[in-house]
>>> print(open('input-v6.pdb').read())   # PDB, C-alpha atoms
ATOM      1  CA  MET A   1       0.000   0.000   0.000
ATOM      2  CA  ASP A   2       2.768   2.414   0.903
ATOM      3  CA  ASN A   3       4.625   1.617  -2.346
ATOM      4  CA  ARG A   4       1.552   2.355  -4.463
ATOM      5  CA  THR A   5       1.049   5.621  -2.554
ATOM      6  CA  ASN A   6       4.665   6.628  -3.144
ATOM      7  CA  ASP A   7       4.370   5.823  -6.866
ATOM      8  CA  ILE A   8       1.260   7.974  -7.165
ATOM      9  CA  SER A   9       2.988  10.840  -5.317
ATOM     10  CA  ARG A  10       6.017  10.620  -7.609
ATOM     11  CA  ARG A  11       3.814  10.654 -10.720
ATOM     12  CA  GLU A  12       1.894  13.682  -9.412
ATOM     13  CA  ARG A  13       5.118  15.568  -8.675
ATOM     14  CA  HIS A  14       6.456  14.718 -12.128
ATOM     15  CA  ARG A  15       3.207  15.851 -13.760
ATOM     16  CA  ASN A  16       3.195  19.091 -11.751
ATOM     17  CA  ARG A  17       6.776  19.807 -12.808
ATOM     18  CA  LEU A  18       5.847  19.266 -16.468
ATOM     19  CA  ILE A  19       2.819  21.549 -16.141
ATOM     20  CA  GLY A  20       4.909  24.214 -14.412
ATOM     21  CA  THR A  21       7.598  24.055 -17.096
ATOM     22  CA  ALA A  22       5.008  24.325 -19.864
ATOM     23  CA  LEU A  23       3.356  27.331 -18.204
ATOM     24  CA  PHE A  24       6.738  29.022 -17.807
ATOM     25  CA  VAL A  25       7.600  28.471 -21.483
ATOM     26  CA  LEU A  26       4.202  29.857 -22.544
ATOM     27  CA  LEU A  27       4.703  32.906 -20.316
ATOM     28  CA  VAL A  28       8.165  33.616 -21.795
ATOM     29  CA  LEU A  29       6.776  33.221 -25.314
ATOM     30  CA  ALA A  30       3.875  35.585 -24.580
ATOM     31  CA  CYS A  31       6.247  38.202 -23.149
ATOM     32  CA  ARG A  32       8.484  37.932 -26.205
ATOM     33  CA  LEU A  33       5.559  38.336 -28.606
ATOM     34  CA  TYR A  34       4.316  41.361 -26.668
ATOM     35  CA  TYR A  35       7.787  42.911 -26.729
ATOM     36  CA  GLU A  36       8.048  42.420 -30.501
ATOM     37  CA  TYR A  37       4.605  43.943 -30.978
ATOM     38  CA  CYS A  38       5.560  47.047 -28.995
ATOM     39  CA  MET A  39       8.839  47.423 -30.861
ATOM     40  CA  HIS A  40       7.235  47.377 -34.295
ATOM     41  CA  HIS A  41       3.964  49.241 -33.809
ATOM     42  CA  PRO A  42       3.653  53.019 -33.367
ATOM     43  CA  LEU A  43       2.271  54.306 -30.116
ATOM     44  CA  ALA A  44      -0.185  57.157 -29.875
ATOM     45  CA  ALA A  45       1.377  60.482 -29.044
ATOM     46  CA  PRO A  46       0.364  62.125 -25.763
ATOM     47  CA  SER A  47      -2.105  64.961 -26.103
ATOM     48  CA  ALA A  48      -1.071  68.535 -25.469
ATOM     49  CA  PRO A  49      -3.176  71.399 -24.098
ATOM     50  CA  ALA A  50      -4.619  73.634 -26.768
ATOM     51  CA  THR A  51      -2.691  76.834 -26.147
ATOM     52  CA  GLU A  52      -0.988  79.242 -28.486
ATOM     53  CA  ALA A  53       2.315  78.703 -26.668
ATOM     54  CA  SER A  54       2.314  74.962 -27.306
ATOM     55  CA  GLY A  55       3.226  75.380 -30.948
ATOM     56  CA  THR A  56      -0.049  75.468 -32.854
ATOM     57  CA  GLN A  57       0.209  75.403 -36.614
ATOM     58  CA  PRO A  58      -1.835  77.640 -38.941
ATOM     59  CA  ASP A  59      -5.115  75.988 -39.957
ATOM     60  CA  ALA A  60      -4.520  73.009 -37.629
ATOM     61  CA  ASP A  61      -7.435  71.539 -35.690
ATOM     62  CA  GLU A  62      -5.296  70.651 -32.689
ATOM     63  CA  PRO A  63      -1.856  71.695 -31.408
ATOM     64  CA  PRO A  64       1.013  69.246 -31.993
ATOM     65  CA  ALA A  65       2.215  67.015 -29.213
ATOM     66  CA  VAL A  66       5.558  68.226 -27.869
ATOM     67  CA  SER A  67       7.382  65.807 -25.601
ATOM     68  CA  ASP A  68       9.832  67.643 -23.353
ATOM     69  CA  ARG A  69       9.065  67.881 -19.664
ATOM     70  CA  SER A  70      12.156  69.949 -18.845
ATOM     71  CA  ALA A  71      11.826  72.598 -21.540
ATOM     72  CA  ASP A  72       9.407  75.319 -22.536
ATOM     73  CA  PRO A  73       6.935  74.423 -25.288
ATOM     74  CA  ILE A  74       7.826  75.239 -28.850
ATOM     75  CA  PRO A  75       6.486  78.765 -29.521
ATOM     76  CA  GLY A  76       3.753  79.372 -32.059
ATOM     77  CA  LYS A  77       3.132  82.382 -34.276
ATOM     78  CA  ARG A  78       3.556  85.813 -32.776
ATOM     79  CA  THR A  79       0.436  87.822 -32.119
ATOM     80  CA  PRO A  80       0.053  91.609 -32.479
ATOM     81  CA  ASP A  81       0.434  91.906 -28.688
ATOM     82  CA  ASP A  82       3.876  90.297 -28.948
ATOM     83  CA  GLU A  83       5.307  92.926 -31.275
ATOM     84  CA  GLY A  84       8.416  94.470 -29.787
ATOM     85  CA  ALA A  85       8.752  91.767 -27.123
ATOM     86  CA  PRO A  86      11.324  88.975 -27.523
ATOM     87  CA  PRO A  87       9.934  85.428 -27.469
ATOM     88  CA  SER A  88      10.480  83.880 -24.038
ATOM     89  CA  SER A  89      11.101  80.245 -24.997
ATOM     90  CA  THR A  90      13.045  80.376 -28.246
ATOM     91  CA  ILE A  91      16.745  79.854 -28.757
ATOM     92  CA  PRO A  92      18.470  83.167 -29.564
ATOM     93  CA  GLY A  93      18.781  83.727 -33.291
ATOM     94  CA  THR A  94      15.999  81.387 -34.355
ATOM     95  CA  TRP A  95      13.026  83.745 -34.276
ATOM     96  CA  SER A  96      12.041  85.316 -37.562
ATOM     97  CA  VAL A  97       8.934  86.597 -39.312
ATOM     98  CA  THR A  98       6.324  84.320 -37.752
ATOM     99  CA  GLY A  99       8.149  81.565 -35.849
ATOM    100  CA  PRO A 100      11.263  79.371 -35.629
ATOM    101  CA  LEU A 101      12.377  79.251 -39.254
ATOM    102  CA  GLU A 102      14.058  75.866 -38.931
ATOM    103  CA  LEU A 103      10.906  74.123 -37.708
ATOM    104  CA  PRO A 104       8.938  72.407 -40.524
ATOM    105  CA  ALA A 105       5.186  71.857 -40.473
ATOM    106  CA  PHE A 106       3.903  68.784 -38.641
ATOM    107  CA  ASP A 107       0.617  67.198 -37.595
ATOM    108  CA  SER A 108      -1.016  67.278 -34.189
ATOM    109  CA  ALA A 109      -0.504  63.518 -33.798
ATOM    110  CA  ASP A 110       3.249  63.682 -34.460
ATOM    111  CA  ILE A 111       5.684  63.054 -31.619
ATOM    112  CA  VAL A 112       7.899  66.136 -31.501
ATOM    113  CA  ILE A 113      10.752  66.331 -29.007
ATOM    114  CA  LYS A 114      12.633  69.532 -28.244
ATOM    115  CA  ASN A 115      16.131  68.783 -26.975
ATOM    116  CA  THR A 116      17.009  71.953 -25.099
ATOM    117  CA  GLN A 117      20.533  70.873 -24.139
ATOM    118  CA  GLY A 118      21.454  69.833 -27.674
ATOM    119  CA  ARG A 119      19.557  72.796 -29.180
ATOM    120  CA  TYR A 120      17.634  70.800 -31.766
ATOM    121  CA  THR A 121      14.060  69.603 -32.321
ATOM    122  CA  LEU A 122      13.044  66.300 -33.883
ATOM    123  CA  ARG A 123       9.974  64.388 -34.962
ATOM    124  CA  TYR A 124      10.261  60.842 -33.652
ATOM    125  CA  ASP A 125       9.052  57.793 -35.564
ATOM    126  CA  THR A 126       8.173  54.937 -33.197
ATOM    127  CA  ALA A 127       7.853  52.314 -35.956
ATOM    128  CA  TYR A 128      11.368  52.879 -37.328
ATOM    129  CA  ARG A 129      12.891  54.080 -34.015
ATOM    130  CA  GLN A 130      14.633  57.210 -35.294
ATOM    131  CA  ALA A 131      13.854  60.806 -36.205
ATOM    132  CA  ALA A 132      11.879  61.533 -39.357
ATOM    133  CA  TRP A 133      13.541  64.949 -39.267
ATOM    134  CA  VAL A 134      15.836  66.989 -37.041
ATOM    135  CA  ALA A 135      15.608  70.793 -37.162
ATOM    136  CA  TYR A 136      18.208  73.166 -35.744
ATOM    137  CA  THR A 137      20.089  76.400 -36.322
ATOM    138  CA  LEU A 138      23.798  76.599 -36.998
ATOM    139  CA  THR A 139      25.693  79.810 -36.349
ATOM    140  CA  GLY A 140      29.250  80.841 -37.065
ATOM    141  CA  GLU A 141      30.014  80.348 -33.395
ATOM    142  CA  ASP A 142      28.589  76.820 -33.508
ATOM    143  CA  ALA A 143      30.700  75.998 -36.551
ATOM    144  CA  ALA A 144      33.960  77.044 -34.894
ATOM    145  CA  PRO A 145      35.934  74.305 -33.101
ATOM    146  CA  GLY A 146      34.719  74.078 -29.513
ATOM    147  CA  ARG A 147      35.978  72.681 -26.251
ATOM    148  CA  ALA A 148      33.832  69.538 -26.305
ATOM    149  CA  LYS A 149      35.383  66.149 -27.000
ATOM    150  CA  ARG A 150      33.683  63.588 -29.203
ATOM    151  CA  ARG A 151      33.076  60.710 -26.788
ATOM    152  CA  ASP A 152      30.996  58.474 -29.111
ATOM    153  CA  ARG A 153      28.585  57.552 -26.335
ATOM    154  CA  PHE A 154      25.618  56.343 -28.381
ATOM    155  CA  VAL A 155      22.695  55.925 -25.973
ATOM    156  CA  PRO A 156      18.876  55.897 -26.132
ATOM    157  CA  ASP A 157      17.277  59.343 -25.979
ATOM    158  CA  PRO A 158      16.126  59.922 -22.359
ATOM    159  CA  ALA A 159      12.992  61.706 -23.617
ATOM    160  CA  VAL A 160      12.054  58.686 -25.748
ATOM    161  CA  VAL A 161      12.669  56.297 -22.854
ATOM    162  CA  ARG A 162      10.764  58.499 -20.408
ATOM    163  CA  GLU A 163       7.672  58.487 -22.604
ATOM    164  CA  GLY A 164       7.869  54.724 -23.131
ATOM    165  CA  TYR A 165       8.391  54.850 -26.900
ATOM    166  CA  PRO A 166      10.304  52.044 -28.659
ATOM    167  CA  THR A 167      13.987  52.956 -28.858
ATOM    168  CA  ALA A 168      17.085  51.862 -30.711
ATOM    169  CA  PHE A 169      20.171  50.545 -28.951
ATOM    170  CA  THR A 170      23.746  50.916 -30.121
ATOM    171  CA  SER A 171      24.098  47.128 -30.184
ATOM    172  CA  ASP A 172      21.432  47.088 -32.925
ATOM    173  CA  TYR A 173      24.035  48.417 -35.364
ATOM    174  CA  LYS A 174      26.790  45.895 -34.586
ATOM    175  CA  GLY A 175      27.473  43.646 -37.540
ATOM    176  CA  SER A 176      24.759  45.348 -39.612
ATOM    177  CA  GLY A 177      27.104  46.828 -42.217
ATOM    178  CA  TYR A 178      25.667  50.315 -41.577
ATOM    179  CA  ASP A 179      27.214  53.325 -39.870
ATOM    180  CA  ARG A 180      25.480  55.161 -37.055
ATOM    181  CA  GLY A 181      24.913  58.310 -39.084
ATOM    182  CA  HIS A 182      24.304  61.620 -37.314
ATOM    183  CA  LEU A 183      21.448  63.876 -38.396
ATOM    184  CA  CYS A 184      22.473  66.884 -36.292
ATOM    185  CA  PRO A 185      26.257  66.424 -36.557
ATOM    186  CA  SER A 186      28.483  66.127 -33.514
ATOM    187  CA  ALA A 187      30.771  68.887 -34.835
ATOM    188  CA  ASP A 188      27.797  71.289 -35.050
ATOM    189  CA  ARG A 189      27.401  71.137 -31.279
ATOM    190  CA  SER A 190      30.848  71.443 -29.712
ATOM    191  CA  ARG A 191      30.521  74.537 -27.524
ATOM    192  CA  SER A 192      29.920  72.354 -24.456
ATOM    193  CA  GLN A 193      30.353  68.690 -23.617
ATOM    194  CA  GLU A 194      26.716  68.469 -22.618
ATOM    195  CA  GLU A 195      25.354  69.599 -25.984
ATOM    196  CA  ASN A 196      27.824  67.442 -27.888
ATOM    197  CA  ASP A 197      26.792  64.342 -25.943
ATOM    198  CA  CYS A 198      23.171  65.024 -26.911
ATOM    199  CA  THR A 199      24.017  64.502 -30.581
ATOM    200  CA  PHE A 200      24.796  60.858 -29.755
ATOM    201  CA  TYR A 201      21.239  60.137 -28.654
ATOM    202  CA  LEU A 202      20.013  57.338 -30.895
ATOM    203  CA  SER A 203      16.922  59.352 -31.850
ATOM    204  CA  ASN A 204      19.405  61.556 -33.764
ATOM    205  CA  ILE A 205      21.041  58.567 -35.474
ATOM    206  CA  SER A 206      20.034  56.704 -38.667
ATOM    207  CA  PRO A 207      21.551  53.710 -40.508
ATOM    208  CA  GLN A 208      23.758  55.054 -43.308
ATOM    209  CA  THR A 209      26.015  53.146 -45.648
ATOM    210  CA  PRO A 210      29.713  53.796 -45.001
ATOM    211  CA  ALA A 211      29.950  55.143 -48.575
ATOM    212  CA  LEU A 212      27.391  57.851 -47.774
ATOM    213  CA  ASN A 213      28.294  58.632 -44.164
ATOM    214  CA  ARG A 214      32.037  58.924 -44.830
ATOM    215  CA  GLY A 215      31.675  60.341 -48.337
ATOM    216  CA  PRO A 216      29.341  63.059 -49.677
ATOM    217  CA  TRP A 217      27.310  63.311 -46.454
ATOM    218  CA  LYS A 218      30.437  64.121 -44.445
ATOM    219  CA  ALA A 219      31.674  66.519 -47.142
ATOM    220  CA  LEU A 220      28.332  68.352 -47.075
ATOM    221  CA  GLU A 221      28.409  68.633 -43.285
ATOM    222  CA  GLU A 222      31.851  70.244 -43.510
ATOM    223  CA  GLN A 223      30.664  72.638 -46.222
ATOM    224  CA  VAL A 224      27.601  73.578 -44.174
ATOM    225  CA  ARG A 225      29.874  74.670 -41.331
ATOM    226  CA  ARG A 226      31.833  76.844 -43.752
ATOM    227  CA  TRP A 227      28.553  78.386 -44.925
ATOM    228  CA  ALA A 228      27.612  79.075 -41.304
ATOM    229  CA  VAL A 229      30.836  81.005 -40.787
ATOM    230  CA  ARG A 230      30.187  82.977 -43.980
ATOM    231  CA  HIS A 231      26.475  83.701 -43.437
ATOM    232  CA  ASP A 232      26.336  83.578 -39.629
ATOM    233  CA  THR A 233      23.053  81.676 -39.227
ATOM    234  CA  LEU A 234      21.647  78.699 -41.118
ATOM    235  CA  TYR A 235      18.240  77.099 -40.589
ATOM    236  CA  ILE A 236      18.580  73.364 -41.211
ATOM    237  CA  VAL A 237      16.198  70.416 -41.480
ATOM    238  CA  THR A 238      17.686  66.981 -42.102
ATOM    239  CA  GLY A 239      16.776  63.303 -41.911
ATOM    240  CA  GLY A 240      16.223  60.011 -43.640
ATOM    241  CA  LEU A 241      13.100  59.525 -45.726
ATOM    242  CA  LEU A 242      10.941  57.180 -43.630
ATOM    243  CA  ALA A 243       8.599  55.801 -46.264
ATOM    244  CA  PRO A 244       6.325  52.785 -45.716
ATOM    245  CA  GLY A 245       7.821  49.356 -46.336
ATOM    246  CA  LEU A 246      11.462  50.119 -45.589
ATOM    247  CA  GLU A 247      13.908  47.306 -45.034
ATOM    248  CA  ARG A 248      15.018  46.985 -41.442
ATOM    249  CA  LEU A 249      18.030  45.975 -39.425
ATOM    250  CA  SER A 250      17.558  42.642 -37.683
ATOM    251  CA  SER A 251      16.503  44.580 -34.576
ATOM    252  CA  GLY A 252      13.712  46.378 -36.470
ATOM    253  CA  ILE A 253      15.321  49.794 -37.103
ATOM    254  CA  GLY A 254      14.232  51.161 -40.479
ATOM    255  CA  ILE A 255      16.877  51.737 -43.175
ATOM    256  CA  PRO A 256      16.064  54.904 -45.161
ATOM    257  CA  GLU A 257      16.585  54.672 -48.915
ATOM    258  CA  TYR A 258      17.315  58.417 -49.102
ATOM    259  CA  PHE A 259      18.707  61.135 -46.861
ATOM    260  CA  TYR A 260      18.013  64.839 -47.266
ATOM    261  CA  LYS A 261      19.122  68.200 -45.941
ATOM    262  CA  ALA A 262      17.344  71.555 -46.341
ATOM    263  CA  ILE A 263      19.268  74.777 -45.651
ATOM    264  CA  LEU A 264      18.014  78.360 -45.414
ATOM    265  CA  THR A 265      19.864  81.602 -44.686
ATOM    266  CA  LYS A 266      19.203  85.320 -44.869
ATOM    267  CA  GLU A 267      21.499  87.573 -46.869
ATOM    268  CA  GLU A 268      20.766  91.264 -46.316
ATOM    269  CA  ASP A 269      17.055  91.597 -47.180
ATOM    270  CA  ALA A 270      16.680  88.329 -49.080
ATOM    271  CA  PHE A 271      16.512  84.640 -48.191
ATOM    272  CA  GLU A 272      18.448  81.912 -49.983
ATOM    273  CA  ALA A 273      17.735  78.203 -49.691
ATOM    274  CA  ILE A 274      19.075  74.939 -51.076
ATOM    275  CA  GLY A 275      18.320  71.252 -50.624
ATOM    276  CA  PHE A 276      20.311  68.034 -50.995
ATOM    277  CA  LEU A 277      19.013  64.527 -51.631
ATOM    278  CA  PHE A 278      21.267  61.457 -51.422
ATOM    279  CA  PRO A 279      20.502  57.793 -52.013
ATOM    280  CA  ASN A 280      21.640  55.561 -49.168
ATOM    281  CA  ALA A 281      23.898  53.809 -51.649
ATOM    282  CA  THR A 282      27.074  51.751 -51.488
ATOM    283  CA  ARG A 283      28.830  53.739 -54.194
ATOM    284  CA  PHE A 284      28.876  57.405 -55.216
ATOM    285  CA  GLU A 285      30.177  59.304 -58.190
ATOM    286  CA  GLY A 286      30.851  62.996 -58.053
ATOM    287  CA  ASP A 287      30.640  65.277 -55.025
ATOM    288  CA  TYR A 288      27.869  66.535 -52.738
ATOM    289  CA  VAL A 289      27.306  69.417 -55.180
ATOM    290  CA  ASP A 290      25.887  66.935 -57.677
ATOM    291  CA  TYR A 291      23.039  66.126 -55.279
ATOM    292  CA  ALA A 292      21.774  69.697 -54.836
ATOM    293  CA  VAL A 293      18.081  70.359 -55.512
ATOM    294  CA  SER A 294      15.607  73.163 -54.946
ATOM    295  CA  ILE A 295      13.551  73.187 -51.762
ATOM    296  CA  ASP A 296      10.418  72.813 -53.885
ATOM    297  CA  SER A 297      11.793  69.604 -55.383
ATOM    298  CA  LEU A 298      12.817  68.346 -51.954
ATOM    299  CA  GLN A 299       9.364  69.093 -50.560
ATOM    300  CA  THR A 300       7.719  67.196 -53.413
ATOM    301  CA  PHE A 301       9.933  64.175 -52.758
ATOM    302  CA  THR A 302       9.735  64.149 -48.952
ATOM    303  CA  ARG A 303       6.243  65.660 -48.547
ATOM    304  CA  ILE A 304       7.620  67.925 -45.815
ATOM    305  CA  ASP A 305       6.737  71.637 -45.765
ATOM    306  CA  PHE A 306      10.104  73.011 -44.709
ATOM    307  CA  TYR A 307      10.002  76.800 -44.383
ATOM    308  CA  HIS A 308       6.315  77.486 -43.977
ATOM    309  CA  HIS A 309       6.951  80.260 -41.444
ATOM    310  CA  LEU A 310       8.136  82.544 -44.240
ATOM    311  CA  PRO A 311       5.509  84.855 -45.750
ATOM    312  CA  ASP A 312       3.970  83.124 -48.769
ATOM    313  CA  PRO A 313       5.508  85.367 -51.477
ATOM    314  CA  VAL A 314       8.960  85.074 -49.886
ATOM    315  CA  GLU A 315       8.568  81.329 -49.439
ATOM    316  CA  TYR A 316       7.588  80.873 -53.089
ATOM    317  CA  GLU A 317      10.549  82.838 -54.442
ATOM    318  CA  THR A 318      13.050  81.278 -52.050
ATOM    319  CA  GLU A 319      12.024  77.666 -52.531
ATOM    320  CA  LYS A 320      11.407  77.486 -56.287
ATOM    321  CA  ALA A 321      15.128  77.387 -57.197
ATOM    322  CA  TYR A 322      18.570  77.634 -55.649
ATOM    323  CA  SER A 323      21.381  79.960 -56.703
ATOM    324  CA  SER A 324      24.569  78.132 -57.724
ATOM    325  CA  ARG A 325      26.377  81.451 -57.652
ATOM    326  CA  PHE A 326      25.309  82.175 -54.084
ATOM    327  CA  TRP A 327      26.084  78.725 -52.664
ATOM    328  CA  PHE A 328      28.962  77.535 -54.833
ATOM    329  CA  GLY A 329      30.326  80.757 -56.339
ATOM    330  CA  GLU A 330      29.410  79.646 -59.863
TER     331      GLU A 330
END
>>> encode(input="input-v6.pdb", output="structure tokens")
Amino acid sequence: MDNRTNDISRRERHRNRLIGTALFVLLVLACRLYYEYCMHHPLAAPSAPATEASGTQPDADEPPAVSDRSADPIPGKRTPDDEGAPPSSTIPGTWSVTGPLELPAFDSADIVIKNTQGRYTLRYDTAYRQAAWVAYTLTGEDAAPGRAKRRDRFVPDPAVVREGYPTAFTSDYKGSGYDRGHLCPSADRSRSQEENDCTFYLSNISPQTPALNRGPWKALEEQVRRWAVRHDTLYIVTGGLLAPGLERLSSGIGIPEYFYKAILTKEEDAFEAIGFLFPNATRFEGDYVDYAVSIDSLQTFTRIDFYHHLPDPVEYETEKAYSSRFWFGE
């Protein structure tokens, strides 16, 4: 009798262990599937209060969502009562006719993050885990060599992590064959170590082929700094084209097929603008100059309204063509 009882007890313990192991495996599998779902599906942007100071766009039904708990909201258009008073939450040198010239138009549902320390603003794409665009100003002072050291500390953007959005990790790029390409370049933010470190946030990084990142893209970045010294202030929007159906790294990060850069400056009483569009290719012929386009052409290709804060007549004249003589001395 005791032997039969012991056999039954052993069988029950064995069965319970098998059931427990199966439940554990199912739980791990469910967690993994949930993680993959979160990594590859966009999350809804948090809502923002409907105030003029939160960055409302002309003719928009709702104000855009701006994710930055430590910084002032992005300013909207100036009102008649503001005339003669400096904007309280803008970076010096960025305010123009109706708003921050470097900031392109965006929708109320977009996730827009203002990095105050790095002095740039970006629109974050949760599906591809990188910025759809990064907007910033570059002055002659910014372009001069600064005291900051390039420490190459690629880390997730704290603002992205804080909000719970899917993020890239630097390990995602290892063995991928792609460089960690800067959108706002490290050398454009070298006045302090703090601002330089912010350029290594992975929200500001996109997968670029070595041929692009170390070739015409790098040459253009160097030329842009020379233009900043010559013209004092540039208004820049740059990014990879995040179209539907992009190929991805094994970790899920989208690989843009094209990268672009829009540049605007003011010379005396007139504005001048130029765009550049590069394929994310493995081989290039010619120099960055060969990839110059008008802002109108760039807007048609990217579907981004770059310098909408300019008055309409000025915007039309500035964006319809670029001057080779002005930019390249031709």
>>> resolve_selection(input="input-v6.pdb", expression="the PyMOL selection byres ((chain A and resi 238-245) around 6)", output="list in words")
Ala132, Trp133, Val134, Leu183, Val237, Leu246, Pro256, Tyr258, Phe259, Tyr260 and Lys261 of chain A
>>> resolve_selection(input="input-v6.pdb", expression="the PyMOL selection byres ((chain A and resi 303) around 12)", output="JSON, numbers by chain")
{"A": [104, 105, 106, 132, 133, 241, 242, 243, 260, 295, 296, 297, 298, 299, 300, 301, 302, 304, 305, 306]}
>>> resolve_selection(input="input-v6.pdb", expression="the PyMOL selection byres ((chain A and resi 170) around 9)", output="PDB file with C-alpha atoms, in the coordinates of the input")
ATOM      1  CA  PHE A 154      25.618  56.343 -28.381  1.00  0.00           C
ATOM      2  CA  VAL A 155      22.695  55.925 -25.973  1.00  0.00           C
ATOM      3  CA  PRO A 156      18.876  55.897 -26.132  1.00  0.00           C
ATOM      4  CA  ALA A 168      17.085  51.862 -30.711  1.00  0.00           C
ATOM      5  CA  PHE A 169      20.171  50.545 -28.951  1.00  0.00           C
ATOM      6  CA  SER A 171      24.098  47.128 -30.184  1.00  0.00           C
ATOM      7  CA  ASP A 172      21.432  47.088 -32.925  1.00  0.00           C
ATOM      8  CA  TYR A 173      24.035  48.417 -35.364  1.00  0.00           C
ATOM      9  CA  LYS A 174      26.790  45.895 -34.586  1.00  0.00           C
ATOM     10  CA  ARG A 180      25.480  55.161 -37.055  1.00  0.00           C
ATOM     11  CA  LEU A 202      20.013  57.338 -30.895  1.00  0.00           C
TER      12      LEU A 202
END
>>> closest_residue(input="input-v6.pdb", among="A:Phe284, A:Phe271, A:Trp227, A:Tyr291", to="A:Gly329", atoms="all atoms listed in the file")
A:Trp227
>>> axis_aligned_box(input="input-v6.pdb", around="stretch 193-210 of chain A", padding_each_side="4 Å", output="JSON")
{"center_x": 23.6, "center_y": 61.4, "center_z": -34.1, "size_x": 21.4, "size_y": 24.5, "size_z": 31.0}
>>> closest_residue(input="input-v6.pdb", among="A:Phe326, A:Tyr128, A:Tyr307, A:Tyr178", to="A:Ile263", atoms="only C-alpha atoms")
A:Tyr307
>>> atom_distance(input="input-v6.pdb", atom1="atom CA of A:Asn213", atom2="atom CA of A:Asp179")
6.9 Å
>>> residues_near_point(input="input-v6.pdb", point="(19.0, 90.6, -49.5)", cutoff="12 Å", atoms="all atoms listed in the file", output="list of chain:residue names")
A:His231, A:Thr265, A:Lys266, A:Glu267, A:Glu268, A:Asp269, A:Ala270, A:Phe271, A:Glu272, A:Val314, A:Thr318, A:Phe326
>>> closest_residue(input="input-v6.pdb", among="A:Leu212, A:Val160, A:Leu138, A:Ala148", to="A:Ser192", atoms="all atoms listed in the file")
A:Ala148
>>> atom_distance(input="input-v6.pdb", atom1="atom CA of A:Ala127", atom2="atom CA of A:Tyr165")
9.4 Å
>>> closest_residue(input="input-v6.pdb", among="A:Leu234, A:Ile253, A:Val289, A:Val161", to="A:Ala219", atoms="only C-alpha atoms")
A:Val289
>>> atom_distance(input="input-v6.pdb", atom1="atom CA of A:Tyr201", atom2="atom CA of A:Ser251")
17.3 Å
>>> residues_around(input="input-v6.pdb", residues="A:Thr209", least_positions_apart="2", cutoff="10 Å", atoms="only C-alpha atoms", output="NGL selection string")
:A and (176-181 or 206-207 or 211-215 or 255 or 279-283)
